[in-house]
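Participant: Following this message is one structure expressed as structure tokens.
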Amino acid sequence: MLLFVLVSFLVTVKGDQLPTCQPSNFHYEYTECDSEGSRWRVSVPKPNVCVGGNPNPPVRGKDCKFTCTAGTFLDMESQDCKSCPAGTYSLGGGVRFDEWTQIPKGFEVKSESFSTENLFGKGSGEKEDNSTTCTLAGWKPRFFSVAAYSKDCISSLIYTANLVRAGRVKFEYQYEDDNSVFHFVVQNDQCMSYGDKGSSHWPSSTKANEWGSVTVNLKSGVNILKWKLIGIGGSKVKFEKLARIRLIEIEGVGYTSECNKCPAGTYSLAGNSSCISCPENTFSVKGSTKCTSCNSKTEYSVASSAKCTKKPACQEKDYFQYSTPCDDKQQTRKMYKWKEPKICREDVKEAKTFPASGQPEACPPCNPGMWRTNGSHCDFCPPSYYGDGSKACEKCPINTAPLYGIQFRWWNELPPNMKSICASSEDHGCSTKGGWLPSGDHIHSGLGHSDDAYLMMTMKISGFHGSEGVVDGKAVKVGEIDFVFELTCDKESDTSEPCQLFFMEQTEDRGGTSVVQSWKGSHSKQSYRYAITRTGPVTFSWAFQKTTHGDMFSHSDPTNDIDDMAKIYSIDVNNTLDGGASRCEPCPRGSEGNECVPCEFGKYIETNTTQCQECPHNTVIHTTHGHGIESCKACGEGLTAIKHKACFSNCLYSDHMGRKFDFAKFRGFHEVSGATLFTGSGTQYFHHFNFSLCGEETMGQTLCANNVSLAKSKHHLFDEDERVKSQVCRMIVIPPKGPRDKGISAQPVSLGDYLIEVTGNTSQDLFKMMKDEGFDQTSSDIFTHFIFKTDSTTKACQIGRKVIITLHCDISEKGNGTIELPSKCPDGTCDGCIFHMMWHSRHACPRCERADYEVVKGECINGKQKVHYYPPKHCMIEGGEEPLLRVVKCSTMTIEMYIAIGLAAFVAVILVTILLYCWNRNRSLEYKYMKLVSGSKDGELPAAETCGYDEEDEDEQFDTVEFKNKSFFQKFKGIGKKDKTIKANYLSMDMEDDNPFESIQLTDKKAMSTL
């Protein structure tokens, strides 16, 4: 409290000591506008200069919407517009920002990271804190521009403009980084987009060292202008490229009461709305009306310089060697040339002069497969010709064909299919605009470039012979590139990294430019070899970057790191469609045109007969000149060969248990999105996956695109269209915030270029991985795994990446089911290298066979019966299979009744058989008895020991029995009366003395011949 009283006292004392304000101490200002759009001009004293005085009375001011024209200002004394004096400029009713020695007043810079994990699949072990990196990467003043470079960050430059009338904003920018998205948006005071089509703009990329311009209309009132650089790098090119803004103009902000002085390095005439840059070797101070020339002998300056710089003594770094083109005598000589612009002195004592020109010498030969077309320029041999580079090309002999390829050994000039460029954020950051310099037996990156310079050299190839495919889980090699290089990096410091060399590949179906390999720091002369698996057009690139500063925003001295250099000695590429041929290959089947007569696709050349033989079933061959059956390669499990060209899944699969699956419902393209992620400030984004499982029509046609870079300038170095075609691909999506906003899809990348196998075998390792990822299925569930692979590598995945799409049989799912990402890794991967999705669907179940159904029959009613077929839970009924209900004809008798009747009939047959047997046996006994009786005397039966004939003698004595006076039918009828007759005869034996069997007469046995 005491301190407050003391400060108040001192202020009061100081105010009492100030003099009384005089008329010269007052200046005019306008009051705030009232509800009617009016305002007053009032006199205001300069603060802390005087007190009291007699200010002029207020007068009515200009309308609130009044502005002066460009090149004029509002004189507050007269309230009239007057022209700006020389050395100044004015936009009238606007402001311009073109001097960036510091962030101008009213601007705000924000930087934030996407997340602590790399967006493109860094493993959990590769996490890093990007907060410090994003702060360094944010927008920073760089003298003549404000710049930022891409990391995995969002860097925002924000300005709030209060417009009294509708106006516009114009800005000039430079942006050519494939690893970032440049976005400009206009919002109101509630930070909401106006929703107009022009309020959100995605500036297209610019050509190297050139500037683009964007103009957007603004509404009156508060306008929040945001320039965002969204870095979403990952698997793309890693070296930094600055995005820069050098000019921002805003119109509609109201009047300006004074003109702005021209910044140093520029000048203006009276009434100018902008300043003019000073040319090279001139300079100017702030507010100049003209540029002053430097001393041409001792000083130099670049364009827009605020002062001249003393020329140093010339050194070796200030000149370079080159070879003159071959002359008519096939001779060349070594020459030396000063770098442009020349900024050194030769007339001082310590100066070095370049050596004298060399003596004429024989031109080195052209590269193999090339020849000298006009005495100096080397070009590829024409079709059907070959050459070693030392003489004219020759036509291939009969039954041979040229073997095309790239063989660069000599670097007298840049080959016809290559181009080079140097890019820097500084106007004179490249010592040579051409970038890489041919130098006899090698090509090098040059000397004297600024620290942030990068030098790009590209080589385009139209394609390769053969066809793409997969064998044993690996992509078939259709070609190979081999180059020899050397890297020299002298820079060693704590604030920067050493120079780097990047080798990159860009194909039409993958889009973008992917880093294949990179080298940091010095490397001795060595070779690198890379297998090519795509037959389509490809662009290979070599990029040299001197340093990756933490302090990339400071001016660099081109004299630094003079020895940092990359050299490439040779480049070899084989099996190309274009290029030159250094030799001819024999053609077993003859030649046609400039190529060997090929076999039909799917056939190989039999080694012994040189005849074309078809490959075995379900095998593929990737060349029309394959020798031997070993050229035919078998497809993986669950895959089918398409005319021996490629392996794919036809949506039908049978597992090791004999179960049959029909995945026809999974044909076509499918998609799934990862978990929603947020940046530190709440910006929403997620990963989106597109894929196709089976069917020839969708094989390799899944598309992921960058909807920002599709509108890029066609002058881009690679002429690339940021689209990726593969089996499985992924892209980053930033959803729109409003109904009229445009969402972003960026950084497409292939995760699965080809299908390795389809298998129902869930190994222990795979099942454990599923558990670790958070899937809660059991080992008894039915799974089918589609396994995809890409050979494109990342820092974390040196052998490429893999995608497993698991189809889980769930008969309870409706429609095509649901696709699920791992609950513990909701972005699709837990290590950045293996991505996993699980598709729960009833169509993932095996087809039901007849033996799988449970059959239940209903009651038979009116001769018809309902038969119900209940499928088990593990299989799926498809169209055309056994229906769930059938009605069949039936009988009212049950199966039990049929069985009982059958048993009864069987028993009856047995009983009848037994009865007949007993009857026959009884008849035989009866006959024996009658025989005994007829042979007895006086009615007495013989004794037991003298009993009649034995059974075996019976047939000897009597062959037949004749019944007199009776027919055979009557005798048969009489069998039933036998018992009664015998009984009656026994009863009459006592009454009659005669033989009771006199009607039966036994006859003697007759010989066979008498019959």
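We label chains A, B, ... in the order they appear in the structure tokens, count residues from 1 in each chain, and number ligands from 1 in the order shown.
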For the strand (DSSP E or B) assignment from backbone DSSP, which residues of segment 739-804 of chain A qualify? Please present them as a ChimeraX atom specification.

Facilitator: /A:744-752,754-759,783-790,801-804

Participant: Take the residues that were just selected and, keeping N, CA, C and O atoms, output them as a JSON list (two decimals), in the first residue's frame.

Facilitator:
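Below you can see again.json, which holds the result:
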[["chain", "number", "residue", "atom", "x", "y", "z"],
["A", 744, "ILE", "N", -9.66, -32.37, -45.34],
["A", 744, "ILE", "CA", -8.36, -32.65, -45.94],
["A", 744, "ILE", "C", -8.12, -34.15, -45.92],
["A", 744, "ILE", "O", -8.32, -34.81, -44.90],
["A", 745, "SER", "N", -7.70, -34.70, -47.05],
["A", 745, "SER", "CA", -7.14, -36.05, -47.08],
["A", 745, "SER", "C", -5.74, -35.90, -47.65],
["A", 745, "SER", "O", -5.56, -35.36, -48.73],
["A", 746, "ALA", "N", -4.76, -36.35, -46.87],
["A", 746, "ALA", "CA", -3.38, -36.08, -47.25],
["A", 746, "ALA", "C", -2.49, -37.26, -46.91],
["A", 746, "ALA", "O", -2.88, -38.15, -46.15],
["A", 747, "GLN", "N", -1.28, -37.22, -47.48],
["A", 747, "GLN", "CA", -0.24, -38.20, -47.22],
["A", 747, "GLN", "C", -0.71, -39.64, -47.42],
["A", 747, "GLN", "O", -0.65, -40.47, -46.52],
["A", 748, "PRO", "N", -1.21, -39.99, -48.61],
["A", 748, "PRO", "CA", -1.56, -41.39, -48.87],
["A", 748, "PRO", "C", -0.32, -42.27, -48.88],
["A", 748, "PRO", "O", 0.74, -41.86, -49.38],
["A", 749, "VAL", "N", -0.44, -43.47, -48.36],
["A", 749, "VAL", "CA", 0.69, -44.39, -48.31],
["A", 749, "VAL", "C", 0.16, -45.81, -48.48],
["A", 749, "VAL", "O", -0.93, -46.14, -48.01],
["A", 750, "SER", "N", 0.91, -46.63, -49.19],
["A", 750, "SER", "CA", 0.52, -48.03, -49.40],
["A", 750, "SER", "C", 1.00, -48.87, -48.22],
["A", 750, "SER", "O", 2.16, -48.80, -47.82],
["A", 751, "LEU", "N", 0.09, -49.68, -47.68],
["A", 751, "LEU", "CA", 0.43, -50.61, -46.60],
["A", 751, "LEU", "C", 0.48, -52.05, -47.11],
["A", 751, "LEU", "O", 1.08, -52.90, -46.45],
["A", 752, "GLY", "N", -0.17, -52.32, -48.22],
["A", 752, "GLY", "CA", -0.17, -53.68, -48.78],
["A", 752, "GLY", "C", -0.24, -53.63, -50.29],
["A", 752, "GLY", "O", -1.30, -53.37, -50.86],
["A", 754, "TYR", "N", 0.54, -56.22, -52.28],
["A", 754, "TYR", "CA", 0.13, -57.49, -52.85],
["A", 754, "TYR", "C", -0.32, -58.43, -51.74],
["A", 754, "TYR", "O", 0.01, -58.27, -50.57],
["A", 755, "LEU", "N", -1.13, -59.42, -52.14],
["A", 755, "LEU", "CA", -1.68, -60.42, -51.22],
["A", 755, "LEU", "C", -0.74, -61.62, -51.18],
["A", 755, "LEU", "O", -0.47, -62.24, -52.19],
["A", 756, "ILE", "N", -0.23, -61.93, -49.97],
["A", 756, "ILE", "CA", 0.71, -63.04, -49.82],
["A", 756, "ILE", "C", -0.02, -64.37, -49.78],
["A", 756, "ILE", "O", 0.30, -65.31, -50.51],
["A", 757, "GLU", "N", -1.02, -64.47, -48.91],
["A", 757, "GLU", "CA", -1.73, -65.74, -48.75],
["A", 757, "GLU", "C", -3.06, -65.51, -48.07],
["A", 757, "GLU", "O", -3.31, -64.47, -47.46],
["A", 758, "VAL", "N", -3.93, -66.52, -48.19],
["A", 758, "VAL", "CA", -5.19, -66.59, -47.46],
["A", 758, "VAL", "C", -5.14, -67.89, -46.67],
["A", 758, "VAL", "O", -5.02, -68.97, -47.26],
["A", 759, "THR", "N", -5.22, -67.81, -45.37],
["A", 759, "THR", "CA", -5.04, -69.01, -44.55],
["A", 759, "THR", "C", -6.04, -69.02, -43.40],
["A", 759, "THR", "O", -6.40, -67.98, -42.86],
["A", 783, "PHE", "N", -11.52, -68.46, -37.98],
["A", 783, "PHE", "CA", -10.87, -67.29, -38.56],
["A", 783, "PHE", "C", -10.31, -67.63, -39.94],
["A", 783, "PHE", "O", -9.87, -68.75, -40.17],
["A", 784, "THR", "N", -10.33, -66.63, -40.81],
["A", 784, "THR", "CA", -9.62, -66.70, -42.09],
["A", 784, "THR", "C", -8.82, -65.42, -42.23],
["A", 784, "THR", "O", -9.37, -64.32, -42.11],
["A", 785, "HIS", "N", -7.52, -65.54, -42.46],
["A", 785, "HIS", "CA", -6.63, -64.39, -42.48],
["A", 785, "HIS", "C", -6.18, -64.08, -43.90],
["A", 785, "HIS", "O", -5.63, -64.94, -44.59],
["A", 786, "PHE", "N", -6.42, -62.83, -44.34],
["A", 786, "PHE", "CA", -5.88, -62.31, -45.59],
["A", 786, "PHE", "C", -4.63, -61.49, -45.23],
["A", 786, "PHE", "O", -4.73, -60.51, -44.49],
["A", 787, "ILE", "N", -3.49, -61.90, -45.73],
["A", 787, "ILE", "CA", -2.22, -61.28, -45.34],
["A", 787, "ILE", "C", -1.64, -60.54, -46.53],
["A", 787, "ILE", "O", -1.37, -61.13, -47.58],
["A", 788, "PHE", "N", -1.46, -59.22, -46.38],
["A", 788, "PHE", "CA", -0.91, -58.35, -47.42],
["A", 788, "PHE", "C", 0.46, -57.84, -46.98],
["A", 788, "PHE", "O", 0.77, -57.79, -45.79],
["A", 789, "LYS", "N", 1.25, -57.40, -47.96],
["A", 789, "LYS", "CA", 2.60, -56.92, -47.65],
["A", 789, "LYS", "C", 3.03, -55.85, -48.63],
["A", 789, "LYS", "O", 2.59, -55.84, -49.79],
["A", 790, "THR", "N", 3.85, -54.92, -48.15],
["A", 790, "THR", "CA", 4.52, -53.95, -49.01],
["A", 790, "THR", "C", 6.01, -53.98, -48.70],
["A", 790, "THR", "O", 6.40, -54.17, -47.54],
["A", 801, "ARG", "N", 6.18, -53.38, -44.46],
["A", 801, "ARG", "CA", 5.04, -53.46, -43.55],
["A", 801, "ARG", "C", 4.05, -54.53, -44.01],
["A", 801, "ARG", "O", 4.05, -54.92, -45.16],
["A", 802, "LYS", "N", 3.23, -54.96, -43.07],
["A", 802, "LYS", "CA", 2.30, -56.06, -43.33],
["A", 802, "LYS", "C", 0.93, -55.69, -42.78],
["A", 802, "LYS", "O", 0.81, -55.02, -41.75],
["A", 803, "VAL", "N", -0.12, -56.14, -43.48],
["A", 803, "VAL", "CA", -1.50, -55.93, -43.05],
["A", 803, "VAL", "C", -2.18, -57.29, -42.96],
["A", 803, "VAL", "O", -2.14, -58.07, -43.91],
["A", 804, "ILE", "N", -2.79, -57.57, -41.82],
["A", 804, "ILE", "CA", -3.57, -58.80, -41.63],
["A", 804, "ILE", "C", -5.03, -58.40, -41.46],
["A", 804, "ILE", "O", -5.38, -57.69, -40.52]]

Participant: Find the spatial neighbours of Tyr30 of chain A, counting only C-alpha atoms, within a cut-off of 8 Å - ignore same-chain residues fewer than 2 positions away - and output them as a PyMOL selection string.

Facilitator: chain A and resi 28+32+39-42+61

Participant: Nearest to Lys795 of chain A: which of A:Ala543, A:Cys825, A:Val516, A:Cys890 is it, counting only C-alpha atoms?

Facilitator: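 Smallest distance to Lys795 of chain A is found for A:Val516.
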
Participant: Give me the residues near segment 517-531 of chain A as number ranges by chain, where near means some atom within 8 Å (using only C-alpha atoms) and where sequence neighbours in that chain fewer than 3 positions away do not count.

Facilitator: A: 477-490, 498-504

Participant: Taking only C-alpha atoms into account, name the residue in A:Gln764, A:Ser812, A:Asn188, A:Ser424 that is nearest to Leu163 of chain A.

Facilitator: A:Asn188

Participant: Could you tell me how far atom CA of Thr533 of chain A sits from atom CA of Phe689 of chain A, in Å to one decimal place?

Facilitator: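 Atom-to-atom, atom CA of Phe689 of chain A and atom CA of Thr533 of chain A are spaced 23.3 Å apart.
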
Participant: Could you give me, as a PyMOL selection string, the residues within 8 Å of Gly369 of chain A, counting only C-alpha atoms and dropping anything in the same chain fewer than 6 positions from it?

Facilitator: chain A and resi 380-381+386-389+393+404-407+579-583

Participant: To one decimal in Å, tell me the separation between atom CA of Asp827 of chain A and atom CA of His670 of chain A.

Facilitator: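 One can read the atom CA of Asp827 of chain A to atom CA of His670 of chain A distance as 16.8 Å.
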
Participant: Which of these residues is nearest to Ala566 of chain A, using only C-alpha atoms: A:Asn417, A:Thr913, A:Gln545, A:Gln17?

Facilitator: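 Going through A:Asn417, A:Thr913, A:Gln545, A:Gln17 one by one, the smallest distance to Ala566 of chain A is for A:Gln545.
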
Participant: Name the residues in contact with segment 217-221 of chain A at a cut-off of 7 Å, using only C-alpha atoms, excluding same-chain residues fewer than 3 positions from it; report them as a list in words.

Facilitator: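 Here the qualifying residues turn out to be Asn162, Leu163, Val164, Arg165, Ala166, Gly167, Arg168 and Val169 of chain A.
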
Participant: With distances taken over only C-alpha atoms, which residue among A:Met456, A:Val49, A:Ile734, A:Cys64 lies nearest Met418 of chain A?

Facilitator: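 That would be A:Met456, the residue with the smallest distance to Met418 of chain A.
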
Participant: Can you list, as a VMD selection string, every protein, DNA or RNA residue that comes within 8 Å of Asn690 of chain A when you count only C-alpha atoms, leaving out same-chain residues fewer than 6 positions away?

Facilitator: chain A and resid 669 to 672 702 to 704 728 to 730
